[in-house]
file input_18.txt (compact mmCIF, C-alpha atoms)
# COMPACT_ATOMS: atom_id res chain seq x y z
CA MET B 1 7.20 10.28 -14.92
CA LYS B 2 6.40 9.68 -11.24
CA ASN B 3 10.04 8.98 -10.28
CA LYS B 4 11.24 12.12 -12.03
CA GLY B 5 8.53 14.19 -10.33
CA ILE B 6 9.41 13.02 -6.85
CA THR B 7 13.15 13.40 -7.48
CA LEU B 8 12.66 16.97 -8.68
CA VAL B 9 10.59 17.87 -5.62
CA ALA B 10 13.19 16.34 -3.31
CA LEU B 11 15.94 18.33 -5.03
CA VAL B 12 14.07 21.61 -4.70
CA VAL B 13 13.27 20.93 -1.04
CA THR B 14 16.92 20.13 -0.33
CA ILE B 15 17.98 23.42 -1.93
CA ILE B 16 15.46 25.28 0.24
CA ILE B 17 16.83 23.71 3.39
CA MET B 18 20.40 24.56 2.42
CA LEU B 19 19.43 28.16 1.79
CA ILE B 20 17.64 28.40 5.13
CA LEU B 21 20.62 26.97 6.99
CA ALA B 22 22.84 29.44 5.17
CA GLY B 23 20.76 32.34 6.50
CA VAL B 24 18.72 33.22 3.44
CA THR B 25 15.75 35.43 4.33
CA ILE B 26 12.40 33.78 4.99
CA GLY B 27 10.79 36.06 2.43
CA LEU B 28 12.94 34.67 -0.34
CA VAL B 29 11.92 31.14 0.63
CA THR B 30 8.26 31.51 1.56
CA GLY B 31 7.13 34.68 -0.25
CA GLU B 32 4.75 34.87 -3.18
CA ASN B 33 7.58 34.14 -5.58
CA GLY B 34 9.66 32.22 -3.04
CA LEU B 35 11.31 28.88 -3.55
CA PHE B 36 8.86 26.99 -1.35
CA LYS B 37 5.97 28.41 -3.39
CA MET B 38 7.76 27.29 -6.54
CA ALA B 39 8.31 23.83 -5.02
CA GLN B 40 4.61 23.50 -4.23
CA GLN B 41 3.74 24.59 -7.77
CA GLY B 42 6.06 21.87 -9.02
CA VAL B 43 4.26 19.31 -6.88
CA ASP B 44 0.85 20.48 -8.16
CA GLN B 45 2.00 20.32 -11.78
CA TYR B 46 3.40 16.85 -11.23
CA LYS B 47 0.16 15.61 -9.67
CA THR B 48 -1.93 17.06 -12.50
CA SER B 49 0.32 15.46 -15.09
CA GLN B 50 0.14 12.16 -13.21
CA LYS B 51 -3.66 12.16 -13.04
CA ASN B 52 -3.91 13.04 -16.73
CA GLU B 53 -1.57 10.20 -17.57
CA GLU B 54 -3.59 7.73 -15.48
CA SER B 55 -6.83 8.92 -17.09
CA THR B 56 -5.35 8.46 -20.56
CA MET B 57 -4.12 4.96 -19.66
CA GLN B 58 -7.60 4.02 -18.42
CA GLU B 59 -9.17 5.27 -21.67
CA ILE B 60 -6.69 3.21 -23.67
CA SER B 61 -7.40 0.19 -21.47
CA ASP B 62 -11.15 0.62 -22.00
CA GLU B 63 -10.66 0.79 -25.76
CA LEU B 64 -8.49 -2.32 -25.75
CA TYR B 65 -11.12 -4.08 -23.64
CA GLY B 66 -13.63 -3.52 -26.43
CA LEU B 67 -11.20 -4.55 -29.17
CA ILE B 68 -9.87 -7.69 -27.50
CA GLY B 69 -13.21 -9.02 -26.33
CA LYS B 70 -14.86 -10.01 -23.06
CA GLY B 71 -15.04 -13.14 -20.97
CA LYS B 72 -17.91 -14.46 -23.07
CA ASP B 73 -15.49 -14.82 -26.00
CA ASP B 74 -13.34 -17.39 -24.15
CA LYS B 75 -13.59 -20.59 -26.22
CA THR B 76 -12.22 -22.82 -23.47
CA PRO B 77 -13.64 -21.52 -20.15
CA GLY B 78 -11.93 -23.01 -17.12
CA LYS B 79 -9.12 -24.39 -19.28
CA ILE B 80 -6.11 -22.06 -19.28
CA THR B 81 -4.56 -22.05 -22.73
CA GLY B 82 -0.87 -21.47 -23.45
CA GLU B 83 2.49 -22.98 -22.53
CA GLY B 84 3.77 -20.50 -19.94
CA THR B 85 6.48 -19.05 -22.19
CA GLU B 86 6.94 -15.45 -23.33
CA GLU B 87 5.87 -16.47 -26.83
CA LYS B 88 2.93 -18.55 -25.62
CA PRO B 89 2.01 -17.44 -22.08
CA PHE B 90 -0.84 -18.94 -20.13
CA LEU B 91 -3.87 -16.69 -20.75
CA ILE B 92 -6.63 -15.72 -18.33
CA GLU B 93 -9.56 -14.96 -20.64
CA SER B 94 -12.60 -15.16 -18.33
CA ILE B 95 -13.69 -15.37 -14.71
CA GLU B 96 -13.82 -19.13 -15.15
CA ASP B 97 -10.12 -19.12 -16.07
CA LEU B 98 -9.26 -16.99 -13.03
CA VAL B 99 -11.08 -19.41 -10.73
CA GLN B 100 -9.32 -22.36 -12.32
CA PHE B 101 -5.98 -20.54 -11.97
CA SER B 102 -6.66 -20.10 -8.25
CA ASN B 103 -7.62 -23.76 -7.91
CA LYS B 104 -4.44 -24.93 -9.60
CA VAL B 105 -2.15 -22.82 -7.41
CA ASN B 106 -4.00 -23.88 -4.26
CA ALA B 107 -3.57 -27.50 -5.36
CA GLY B 108 0.21 -27.11 -5.61
CA THR B 109 1.04 -25.70 -9.06
CA THR B 110 3.59 -22.92 -8.39
CA TYR B 111 3.98 -21.72 -12.02
CA GLU B 112 7.67 -21.16 -11.19
CA ASN B 113 9.56 -19.72 -14.19
CA GLN B 114 6.29 -19.55 -16.13
CA ILE B 115 4.31 -16.57 -17.40
CA VAL B 116 0.60 -15.98 -16.88
CA LYS B 117 -1.09 -13.02 -18.59
CA LEU B 118 -4.48 -11.38 -18.12
CA ALA B 119 -6.01 -11.20 -21.61
CA VAL B 120 -9.11 -9.08 -20.83
CA ASN B 121 -10.55 -6.82 -18.14
CA LEU B 122 -12.58 -8.85 -15.64
CA ASP B 123 -15.49 -7.72 -13.47
CA PHE B 124 -16.92 -10.16 -10.94
CA GLN B 125 -20.26 -8.30 -11.04
CA SER B 126 -20.56 -8.29 -14.85
CA GLU B 127 -22.16 -11.22 -16.64
CA ASP B 128 -20.04 -10.36 -19.67
CA SER B 129 -16.86 -11.37 -17.79
CA TYR B 130 -18.14 -14.95 -17.51
CA VAL B 131 -18.64 -17.39 -20.33
CA ASP B 132 -21.58 -18.78 -18.36
CA TYR B 133 -22.24 -16.96 -15.09
CA THR B 134 -24.88 -19.54 -14.16
CA THR B 135 -22.52 -22.53 -14.26
CA THR B 136 -22.22 -24.70 -11.13
CA PHE B 137 -19.18 -26.54 -12.49
CA PHE B 138 -16.83 -25.17 -9.81
CA GLY B 139 -19.07 -26.28 -6.93
CA ASP B 140 -19.48 -24.56 -3.57
CA VAL B 141 -16.76 -21.90 -3.86
CA ASN B 142 -18.08 -19.57 -1.17
CA GLY B 143 -19.07 -22.09 1.49
CA ALA B 144 -22.74 -21.09 1.55
CA ASN B 145 -25.93 -22.81 0.35
CA GLY B 146 -24.17 -25.51 -1.66
CA ALA B 147 -23.24 -25.13 -5.33
CA GLU B 148 -24.94 -22.06 -6.80
CA GLU B 149 -24.34 -20.14 -10.02
CA LEU B 150 -20.73 -18.99 -10.27
CA LYS B 151 -21.43 -15.26 -10.11
CA THR B 152 -23.33 -15.74 -6.85
CA GLU B 153 -20.55 -17.90 -5.46
CA LEU B 154 -17.94 -15.20 -6.11
CA THR B 155 -19.93 -12.18 -4.90
CA THR B 156 -21.58 -13.52 -1.71
CA GLY B 157 -20.60 -15.71 1.24
CA THR B 158 -16.81 -15.99 1.51
CA GLY B 159 -16.39 -14.93 -2.12
CA PHE B 160 -13.28 -15.47 -4.25
CA LYS B 161 -10.64 -17.93 -3.03
CA SER B 162 -7.26 -16.21 -2.92
CA ILE B 163 -4.55 -17.48 -5.26
CA GLY B 164 -2.12 -19.37 -3.02
CA ASN B 165 -1.41 -19.59 0.72
CA ASP B 166 1.55 -20.17 3.03
CA LYS B 167 1.76 -23.82 1.95
CA GLN B 168 0.90 -23.49 -1.75
CA GLN B 169 2.68 -20.42 -3.13
CA PHE B 170 2.58 -18.64 -6.47
CA LYS B 171 6.15 -18.30 -7.79
CA GLY B 172 5.57 -17.42 -11.42
CA ILE B 173 5.12 -14.16 -13.34
CA PHE B 174 1.62 -12.69 -13.51
CA ASP B 175 1.38 -9.87 -16.05
CA GLY B 176 -1.89 -7.94 -15.96
CA GLN B 177 -0.97 -6.15 -19.21
CA ASN B 178 -2.39 -2.91 -17.74
CA ARG B 179 -5.84 -4.41 -17.45
CA THR B 180 -8.32 -4.22 -14.58
CA ILE B 181 -9.96 -6.70 -12.22
CA SER B 182 -13.09 -5.12 -10.68
CA ASN B 183 -15.39 -5.89 -7.75
CA LEU B 184 -13.16 -8.42 -6.01
CA TYR B 185 -15.05 -9.71 -2.96
CA ILE B 186 -13.51 -11.73 -0.11
CA ASN B 187 -15.16 -12.20 3.28
CA VAL B 188 -13.51 -14.87 5.43
CA ALA B 189 -11.65 -15.00 8.76
CA GLU B 190 -8.48 -16.61 7.40
CA ASN B 191 -4.84 -15.50 7.10
CA TYR B 192 -3.10 -14.77 3.78
CA LYS B 193 -5.91 -13.16 1.84
CA GLY B 194 -6.11 -10.87 -1.20
CA LEU B 195 -6.30 -11.52 -4.93
CA PHE B 196 -3.13 -13.53 -4.24
CA GLY B 197 -2.80 -15.11 -0.82
CA TYR B 198 0.94 -15.75 -0.96
CA VAL B 199 3.59 -14.77 -3.51
CA GLY B 200 6.73 -16.83 -2.97
CA SER B 201 10.40 -16.49 -3.88
CA ASN B 202 10.97 -14.83 -7.29
CA GLY B 203 7.23 -14.52 -7.85
CA THR B 204 6.26 -11.39 -9.79
CA ILE B 205 3.00 -9.52 -10.23
CA LYS B 206 2.96 -6.49 -12.50
CA ASN B 207 0.92 -4.13 -14.68
CA LEU B 208 -2.43 -4.61 -12.97
CA THR B 209 -5.25 -2.42 -11.67
CA ILE B 210 -7.72 -3.69 -9.05
CA SER B 211 -10.84 -1.58 -8.67
CA ASN B 212 -13.81 -1.33 -6.29
CA THR B 213 -12.76 -4.03 -3.85
CA ASP B 214 -14.64 -5.33 -0.81
CA ILE B 215 -12.26 -7.37 1.35
CA ASN B 216 -13.21 -8.14 4.95
CA CYS B 217 -10.97 -10.67 6.68
CA GLU B 218 -10.61 -10.73 10.46
CA ALA B 219 -7.17 -12.27 10.33
CA ARG B 220 -3.46 -11.55 9.63
CA TYR B 221 -1.65 -10.84 6.36
CA ILE B 222 -4.40 -9.16 4.37
CA GLY B 223 -3.72 -7.10 1.22
CA THR B 224 -5.78 -6.15 -1.80
CA LEU B 225 -3.19 -7.58 -4.19
CA ALA B 226 -1.45 -10.05 -1.89
CA GLY B 227 -1.60 -11.08 1.73
CA TYR B 228 2.09 -12.04 1.93
CA VAL B 229 5.03 -11.49 -0.42
CA ASN B 230 8.21 -13.40 0.44
CA GLY B 231 11.15 -12.55 -1.81
CA GLY B 232 8.94 -11.46 -4.70
CA THR B 233 8.46 -8.39 -6.92
CA ILE B 234 5.38 -6.21 -7.23
CA GLU B 235 5.50 -3.58 -9.96
CA ASN B 236 3.03 -1.10 -11.48
CA VAL B 237 -0.01 -2.17 -9.47
CA LYS B 238 -2.83 0.32 -8.83
CA ILE B 239 -5.66 -0.13 -6.32
CA ASN B 240 -8.64 2.13 -7.18
CA LYS B 241 -11.42 2.75 -4.67
CA GLY B 242 -12.76 0.03 -2.43
CA THR B 243 -12.24 -1.07 1.17
CA ILE B 244 -10.01 -3.61 2.86
CA MET B 245 -10.15 -4.71 6.49
CA GLY B 246 -8.11 -7.15 8.55
CA ASN B 247 -6.78 -7.60 12.06
CA GLN B 248 -2.99 -7.30 11.70
CA SER B 249 -0.48 -6.75 8.87
CA VAL B 250 -3.01 -5.13 6.56
CA GLY B 251 -2.04 -3.15 3.46
CA GLY B 252 -3.65 -1.42 0.52
CA ILE B 253 -1.35 -3.44 -1.77
CA ILE B 254 0.37 -6.06 0.45
CA GLY B 255 -0.24 -7.26 4.00
CA TYR B 256 3.33 -8.37 4.79
CA CYS B 257 6.36 -7.68 2.59
CA ASN B 258 9.35 -9.85 3.55
CA ASN B 259 12.77 -11.23 2.62
CA LYS B 260 14.16 -8.66 0.15
CA SER B 261 10.89 -8.22 -1.71
CA THR B 262 10.58 -5.17 -3.97
CA VAL B 263 7.52 -2.97 -4.48
CA ASN B 264 7.89 -0.41 -7.27
CA ASP B 265 5.59 2.09 -8.97
CA CYS B 266 2.45 1.16 -7.03
CA ALA B 267 -0.49 3.23 -5.78
CA ASN B 268 -3.40 2.78 -3.39
CA SER B 269 -6.60 4.81 -3.17
CA SER B 270 -8.72 2.35 -1.19
CA ASN B 271 -9.57 2.75 2.50
CA VAL B 272 -7.58 0.38 4.71
CA THR B 273 -8.54 -0.65 8.26
CA ALA B 274 -6.87 -2.83 10.91
CA ASN B 275 -8.66 -3.98 14.06
CA GLY B 276 -5.48 -4.80 15.97
CA VAL B 277 -4.49 -7.98 17.80
CA PHE B 278 -3.47 -8.23 21.47
CA SER B 279 0.03 -9.67 21.55
CA GLY B 280 2.47 -11.26 23.99
CA ASP B 281 4.08 -7.88 24.72
CA ASN B 282 0.79 -6.76 26.32
CA GLN B 283 -0.19 -4.30 23.62
CA TYR B 284 -2.31 -4.33 20.50
CA HIS B 285 -0.55 -4.67 17.13
CA ALA B 286 -2.08 -3.36 13.91
CA GLU B 287 0.76 -2.86 11.38
CA VAL B 288 -1.40 -1.19 8.75
CA GLY B 289 -0.28 0.90 5.75
CA GLY B 290 -1.39 2.29 2.41
CA ILE B 291 1.10 0.16 0.48
CA ALA B 292 2.21 -2.51 3.00
CA GLY B 293 1.19 -3.33 6.54
CA ASN B 294 4.67 -4.52 7.44
CA CYS B 295 7.88 -4.01 5.42
CA ASN B 296 10.61 -6.36 6.68
CA ASN B 297 14.01 -6.35 4.95
CA SER B 298 12.34 -5.14 1.76
CA THR B 299 12.11 -2.06 -0.47
CA ILE B 300 9.15 0.14 -1.41
CA MET B 301 9.88 2.84 -4.00
CA ASN B 302 8.18 5.25 -6.39
CA SER B 303 4.81 4.55 -4.80
CA TYR B 304 2.04 6.55 -3.15
CA ASN B 305 -1.13 6.36 -1.08
CA VAL B 306 -4.20 8.60 -1.19
CA GLY B 307 -6.54 6.28 0.70
CA GLN B 308 -7.58 6.69 4.32
CA ILE B 309 -5.73 4.48 6.79
CA ASN B 310 -7.74 3.54 9.88
CA VAL B 311 -7.05 1.51 13.00
CA VAL B 312 -9.41 0.40 15.77
CA LYS B 313 -6.64 -0.39 18.24
CA GLY B 314 -2.93 -1.01 17.94
CA ILE B 315 0.55 0.19 17.04
CA CYS B 316 2.30 0.92 13.73
CA VAL B 317 0.11 2.91 11.34
CA GLY B 318 1.54 4.62 8.23
CA GLY B 319 0.67 6.12 4.87
CA ILE B 320 3.11 3.85 3.03
CA ALA B 321 3.98 1.17 5.60
CA GLY B 322 2.75 0.42 9.09
CA ALA B 323 6.21 -0.71 10.20
CA SER B 324 9.56 -0.60 8.35
CA ILE B 325 12.22 -2.78 9.95
CA ASN B 326 15.43 -4.76 9.37
CA ASN B 327 17.20 -2.83 6.59
CA SER B 328 13.99 -1.92 4.78
CA ILE B 329 14.03 1.11 2.49
CA ILE B 330 11.17 3.44 1.53
CA ASP B 331 12.42 5.58 -1.35
CA SER B 332 10.70 8.32 -3.39
CA CYS B 333 7.18 7.79 -2.04
CA PHE B 334 4.42 10.11 -0.83
CA ASN B 335 1.18 10.02 1.11
CA GLU B 336 -1.87 12.28 0.78
CA GLY B 337 -4.38 10.14 2.69
CA LYS B 338 -5.64 10.77 6.19
CA ILE B 339 -3.85 8.58 8.71
CA GLY B 340 -5.63 7.57 11.94
CA ASP B 341 -8.28 9.22 14.11
CA LEU B 342 -8.29 11.01 17.45
CA ILE B 343 -10.08 8.57 19.75
CA LYS B 344 -9.08 8.70 23.39
CA GLY B 345 -8.14 5.33 24.84
CA SER B 346 -7.69 3.68 21.45
CA ASP B 347 -4.01 2.92 22.12
CA VAL B 348 -3.13 3.91 18.58
CA TYR B 349 0.63 4.43 18.91
CA GLN B 350 3.47 4.90 16.41
CA VAL B 351 1.64 6.72 13.63
CA GLY B 352 3.42 8.37 10.69
CA GLY B 353 2.68 9.95 7.34
CA ILE B 354 5.08 7.56 5.63
CA SER B 355 5.78 4.79 8.19
CA GLY B 356 4.40 4.27 11.67
CA ALA B 357 7.63 2.79 13.04
CA LEU B 358 11.19 2.82 11.67
CA TYR B 359 13.99 0.82 13.24
CA SER B 360 16.73 -1.83 12.86
CA ASN B 361 18.68 0.03 10.15
CA ALA B 362 15.58 0.90 8.12
CA LYS B 363 15.62 4.07 6.00
CA ILE B 364 13.16 6.59 4.56
CA MET B 365 14.51 8.82 1.81
CA LYS B 366 13.13 11.38 -0.68
CA CYS B 367 9.58 11.05 0.66
CA TYR B 368 6.89 13.52 1.69
CA ASN B 369 3.54 13.60 3.44
CA THR B 370 0.68 16.06 2.93
CA GLY B 371 -2.04 14.07 4.70
CA ILE B 372 -3.48 14.60 8.18
CA VAL B 373 -1.82 12.34 10.76
CA ASN B 374 -3.63 11.54 14.03
CA GLY B 375 -2.70 9.24 16.90
CA ASP B 376 -2.74 8.64 20.61
CA LEU B 377 1.03 8.63 21.19
CA TYR B 378 4.29 8.73 19.14
CA VAL B 379 3.05 10.59 16.08
CA GLY B 380 5.10 12.19 13.27
CA GLY B 381 4.79 13.66 9.80
CA ILE B 382 7.21 11.11 8.33
CA THR B 383 7.42 8.41 11.00
CA GLY B 384 5.92 8.14 14.45
CA PHE B 385 8.65 6.18 16.19
CA VAL B 386 12.29 6.06 15.11
CA GLY B 387 15.14 3.91 16.36
CA TYR B 388 13.98 1.75 19.30
CA ASN B 389 17.39 0.59 20.53
CA SER B 390 18.68 0.50 16.97
CA ALA B 391 19.73 2.77 14.13
CA ALA B 392 17.30 4.26 11.61
CA TYR B 393 17.66 6.94 8.95
CA ILE B 394 15.48 9.69 7.48
CA GLU B 395 16.86 11.95 4.76
CA ASN B 396 15.59 14.45 2.19
CA CYS B 397 11.99 14.31 3.41
CA TYR B 398 9.33 16.87 4.28
CA ASN B 399 5.87 17.15 5.79
CA THR B 400 3.10 19.68 5.19
CA GLY B 401 0.24 17.77 6.82
CA ASN B 402 -1.24 18.62 10.22
CA ILE B 403 -0.01 16.33 12.99
CA THR B 404 -2.10 15.79 16.13
CA SER B 405 -1.60 13.57 19.18
CA ILE B 406 -3.85 12.99 22.18
CA GLN B 407 -1.12 12.38 24.77
CA GLY B 408 1.96 13.97 23.20
CA SER B 409 5.29 12.48 22.06
CA ILE B 410 4.99 14.06 18.65
CA GLY B 411 7.10 15.72 15.96
CA GLY B 412 6.73 17.36 12.58
CA ILE B 413 9.08 14.78 11.12
CA CYS B 414 9.29 12.11 13.84
CA TYR B 415 9.44 11.48 17.57
CA VAL B 416 12.77 10.60 19.16
CA THR B 417 12.98 8.78 22.50
CA SER B 418 15.83 7.92 24.85
CA SER B 419 15.86 4.45 23.24
CA THR B 420 16.77 5.93 19.84
CA THR B 421 20.43 5.16 19.21
CA SER B 422 22.77 5.97 16.32
CA SER B 423 19.91 7.26 14.17
CA GLU B 424 20.30 10.10 11.67
CA ILE B 425 17.77 12.63 10.40
CA SER B 426 19.10 14.96 7.70
CA ASN B 427 17.79 17.52 5.19
CA CYS B 428 14.22 17.28 6.43
CA TYR B 429 11.62 20.01 6.80
CA ASN B 430 8.16 20.47 8.31
CA VAL B 431 5.60 23.26 7.83
CA GLY B 432 2.55 21.34 9.05
CA ASN B 433 0.82 22.33 12.26
CA VAL B 434 1.82 20.14 15.22
CA SER B 435 -0.53 19.99 18.22
CA VAL B 436 -1.41 17.97 21.31
CA THR B 437 -5.01 17.75 22.52
CA ALA B 438 -4.49 16.59 26.09
CA ALA B 439 -0.92 17.44 27.08
CA THR B 440 1.39 20.43 27.36
CA ASN B 441 3.50 21.62 24.47
CA GLU B 442 6.56 20.39 26.33
CA ALA B 443 5.55 16.91 25.22
CA ILE B 444 6.39 17.90 21.63
CA ARG B 445 9.94 17.06 20.68
CA LYS B 446 11.87 18.25 17.69
CA CYS B 447 14.11 15.90 15.75
CA CYS B 448 15.33 18.26 13.02
CA ARG B 449 15.33 21.93 12.14
CA ASN B 450 11.82 23.45 12.12
CA SER B 451 10.29 20.09 13.00
CA TYR B 452 7.22 21.80 14.38
CA ARG B 453 5.53 25.13 14.57
CA LYS B 454 2.85 26.35 16.95

call {"tool": "encode", "arguments": {"input": "input_18.txt", "output": "structure tokens"}}
result
Amino acid sequence: MKNKGITLVALVVTIIIMLILAGVTIGLVTGENGLFKMAQQGVDQYKTSQKNEESTMQEISDELYGLIGKGKDDKTPGKITGEGTEEKPFLIESIEDLVQFSNKVNAGTTYENQIVKLAVNLDFQSEDSYVDYTTTFFGDVNGANGAEELKTELTTGTGFKSIGNDKQQFKGIFDGQNRTISNLYINVAENYKGLFGYVGSNGTIKNLTISNTDINCEARYIGTLAGYVNGGTIENVKINKGTIMGNQSVGGIIGYCNNKSTVNDCANSSNVTANGVFSGDNQYHAEVGGIAGNCNNSTIMNSYNVGQINVVKGICVGGIAGASINNSIIDSCFNEGKIGDLIKGSDVYQVGGISGALYSNAKIMKCYNTGIVNGDLYVGGITGFVGYNSAAYIENCYNTGNITSIQGSIGGICYVTSSTTSSEISNCYNVGNVSVTAATNEAIRKCCRNSYRK
């Protein structure tokens, strides 16, 4: 449904642009019964249908939760039953099983070519998700006060230990079966953090909702679902509510997406914040996005963000991806969340409604932004910075959100500099207000027809 909705909107927008270029009157396009009005109605209808569908799916999930049972019904807590096959997958039936699953991956079990399924909804704050929430069997999980009851271990101190890291990677198939993990809590200054720390080559996570998260990790590669995905697949993952904070490469779904990874049919509604890290190039780097902080030689498609994306200091801030580089593709995605703030001296550069930066043959296609986009410098409705001594491509995209920069270097679609080479922007349109708070309007540059309006 989502893919069809976005494709339809892109088609209508393309027709509008063609009509405008052909000299069709503005009244026909923007009037009460104009094509742009009809396009917006199509968007609204799509969103309503989408929300109704998600609500229905949640109701079904809640009903199944009651029918299937809760963590307390697990007969073998901490012992994951099954054989890892499609017929007999490994089953996660309680919080105890999830903790044991994490322990096994972190000890070196990759689950490569094996299937793990979530059998019930799990809530770290609910006693019903544990077989025995008072157990001390798993020891000092959170690094505070010695071995306490398991619920306390997972909801205080450092909280849940992420599944995998850069040395011990998850390479199997994790199927959430459209179930929900709620109240995930992680508070530790370590890299590669999220529900999964590291998803390796051919690893797959799908059909999962994560709700009401509290992740605070002053480090790199931080994502609600996964800190780092290297050649893996993420599909049909929804992040509902919650907050996530890291220093660099921080994403609502994934911190760093690398090596031909694929993200499909995912959504984020949590608030995402990056502090920024001072780097060797004498500037702060944030790389923070609603779906992925950094998208390197990978693809994000049919996904959206409605969460607020914040940055304390640093470059590359976007509604879908902070930075999209090295042949990455963002296809059929949209952002509604507010991106960035107007704070003088924050050095928040390269800010975009879809991607903060786009270069090295990366492409954005059939995407749109309706959210507010704010930044210090290099700010755009689709991407803030395009090219950078390399080719980049934007096609069939539009922006309706208000775009504001403190210093200038801004565009309704993107900002183009003298370093932009061989890049192409086609069939794109902006109707959002574009403004600069502390510079002349001459600092605003257009990169396609109607890229800004006063």

call {"tool": "residues_around", "arguments": {"input": "input_18.txt", "residues": "segment 245-260 of chain B", "least_positions_apart": "6", "cutoff": "6 Å", "atoms": "all atoms listed in the file", "output": "PyMOL selection string"}}
result
chain B and resi 216-231+268+272-276+286-298

call {"tool": "residues_around", "arguments": {"input": "input_18.txt", "residues": "Arg179 of chain B", "least_positions_apart": "3", "cutoff": "6 Å", "atoms": "only C-alpha atoms", "output": "ChimeraX atom specification"}}
result
/B:121,176,208

call {"tool": "atom_distance", "arguments": {"input": "input_18.txt", "atom1": "atom CA of Phe160 of chain B", "atom2": "atom CA of Val141 of chain B"}}
result
7.3 Å

call {"tool": "closest_residue", "arguments": {"input": "input_18.txt", "among": "B:Tyr398, B:Phe124, B:Phe278, B:Phe138", "to": "Gly78 of chain B", "atoms": "all atoms listed in the file"}}
result
B:Phe138

call {"tool": "atom_distance", "arguments": {"input": "input_18.txt", "atom1": "atom CA of Ser332 of chain B", "atom2": "atom CA of Gly353 of chain B"}}
result
13.5 Å

call {"tool": "closest_residue", "arguments": {"input": "input_18.txt", "among": "B:Thr437, B:Ser423, B:Thr233, B:Ser303", "to": "Thr404 of chain B", "atoms": "only C-alpha atoms"}}
result
B:Thr437

call {"tool": "atom_distance", "arguments": {"input": "input_18.txt", "atom1": "atom CA of Ile173 of chain B", "atom2": "atom CA of Asn202 of chain B"}}
result
8.4 Å

call {"tool": "closest_residue", "arguments": {"input": "input_18.txt", "among": "B:Tyr185, B:Tyr393, B:Tyr130, B:Phe196", "to": "Phe101 of chain B", "atoms": "only C-alpha atoms"}}
result
B:Phe196

call {"tool": "residues_around", "arguments": {"input": "input_18.txt", "residues": "Thr136 of chain B", "least_positions_apart": "5", "cutoff": "7 Å", "atoms": "all atoms listed in the file", "output": "ChimeraX atom specification"}}
result
/B:147-150

call {"tool": "residues_around", "arguments": {"input": "input_18.txt", "residues": "Gly242 of chain B", "least_positions_apart": "2", "cutoff": "9 Å", "atoms": "all atoms listed in the file", "output": "compact mmCIF listing (two decimals) with C-alpha atoms, in the frame of the given file"}}
result
# COMPACT_ATOMS: atom_id res chain seq x y z
CA ASN B 183 -15.39 -5.89 -7.75
CA SER B 211 -10.84 -1.58 -8.67
CA ASN B 212 -13.81 -1.33 -6.29
CA THR B 213 -12.76 -4.03 -3.85
CA ASP B 214 -14.64 -5.33 -0.81
CA ILE B 215 -12.26 -7.37 1.35
CA ILE B 239 -5.66 -0.13 -6.32
CA ASN B 240 -8.64 2.13 -7.18
CA ILE B 244 -10.01 -3.61 2.86
CA SER B 269 -6.60 4.81 -3.17
CA SER B 270 -8.72 2.35 -1.19
CA ASN B 271 -9.57 2.75 2.50
CA VAL B 272 -7.58 0.38 4.71

call {"tool": "closest_residue", "arguments": {"input": "input_18.txt", "among": "B:Ile300, B:Lys344, B:Gln308, B:Lys75", "to": "Ala321 of chain B", "atoms": "only C-alpha atoms"}}
result
B:Ile300

call {"tool": "residues_around", "arguments": {"input": "input_18.txt", "residues": "Val116 of chain B", "least_positions_apart": "3", "cutoff": "7 Å", "atoms": "all atoms listed in the file", "output": "JSON, numbers by chain"}}
result
{"B": [84, 89, 90, 91, 173, 174, 175]}

call {"tool": "closest_residue", "arguments": {"input": "input_18.txt", "among": "B:Gly157, B:Asn106, B:Val131, B:Gly322", "to": "Ser94 of chain B", "atoms": "all atoms listed in the file"}}
result
B:Val131

call {"tool": "closest_residue", "arguments": {"input": "input_18.txt", "among": "B:Gln407, B:Ser162, B:Thr135, B:Asn145", "to": "Val348 of chain B", "atoms": "all atoms listed in the file"}}
result
B:Gln407

call {"tool": "build_atoms", "arguments": {"input": "input_18.txt", "residues": "segment 202-208 of chain B", "atoms": "N, CA and C atoms", "output": "PDB file, in the frame of the given file"}}
result
ATOM      1  N   ASN B 202      10.862 -15.172  -5.857  1.00  0.00           N
ATOM      2  CA  ASN B 202      10.970 -14.830  -7.290  1.00  0.00           C
ATOM      3  C   ASN B 202       9.612 -14.687  -7.984  1.00  0.00           C
ATOM      4  N   GLY B 203       8.531 -14.784  -7.250  1.00  0.00           N
ATOM      5  CA  GLY B 203       7.230 -14.520  -7.850  1.00  0.00           C
ATOM      6  C   GLY B 203       7.078 -13.045  -8.203  1.00  0.00           C
ATOM      7  N   THR B 204       6.405 -12.766  -9.308  1.00  0.00           N
ATOM      8  CA  THR B 204       6.260 -11.390  -9.790  1.00  0.00           C
ATOM      9  C   THR B 204       4.816 -11.121 -10.203  1.00  0.00           C
ATOM     10  N   ILE B 205       4.303  -9.983  -9.758  1.00  0.00           N
ATOM     11  CA  ILE B 205       3.000  -9.520 -10.230  1.00  0.00           C
ATOM     12  C   ILE B 205       3.189  -8.100 -10.734  1.00  0.00           C
ATOM     13  N   LYS B 206       2.714  -7.807 -11.932  1.00  0.00           N
ATOM     14  CA  LYS B 206       2.960  -6.490 -12.500  1.00  0.00           C
ATOM     15  C   LYS B 206       1.838  -6.051 -13.440  1.00  0.00           C
ATOM     16  N   ASN B 207       1.792  -4.736 -13.663  1.00  0.00           N
ATOM     17  CA  ASN B 207       0.920  -4.130 -14.680  1.00  0.00           C
ATOM     18  C   ASN B 207      -0.555  -4.492 -14.495  1.00  0.00           C
ATOM     19  N   LEU B 208      -1.054  -4.229 -13.290  1.00  0.00           N
ATOM     20  CA  LEU B 208      -2.430  -4.610 -12.970  1.00  0.00           C
ATOM     21  C   LEU B 208      -3.123  -3.523 -12.164  1.00  0.00           C
TER      22      LEU B 208
END
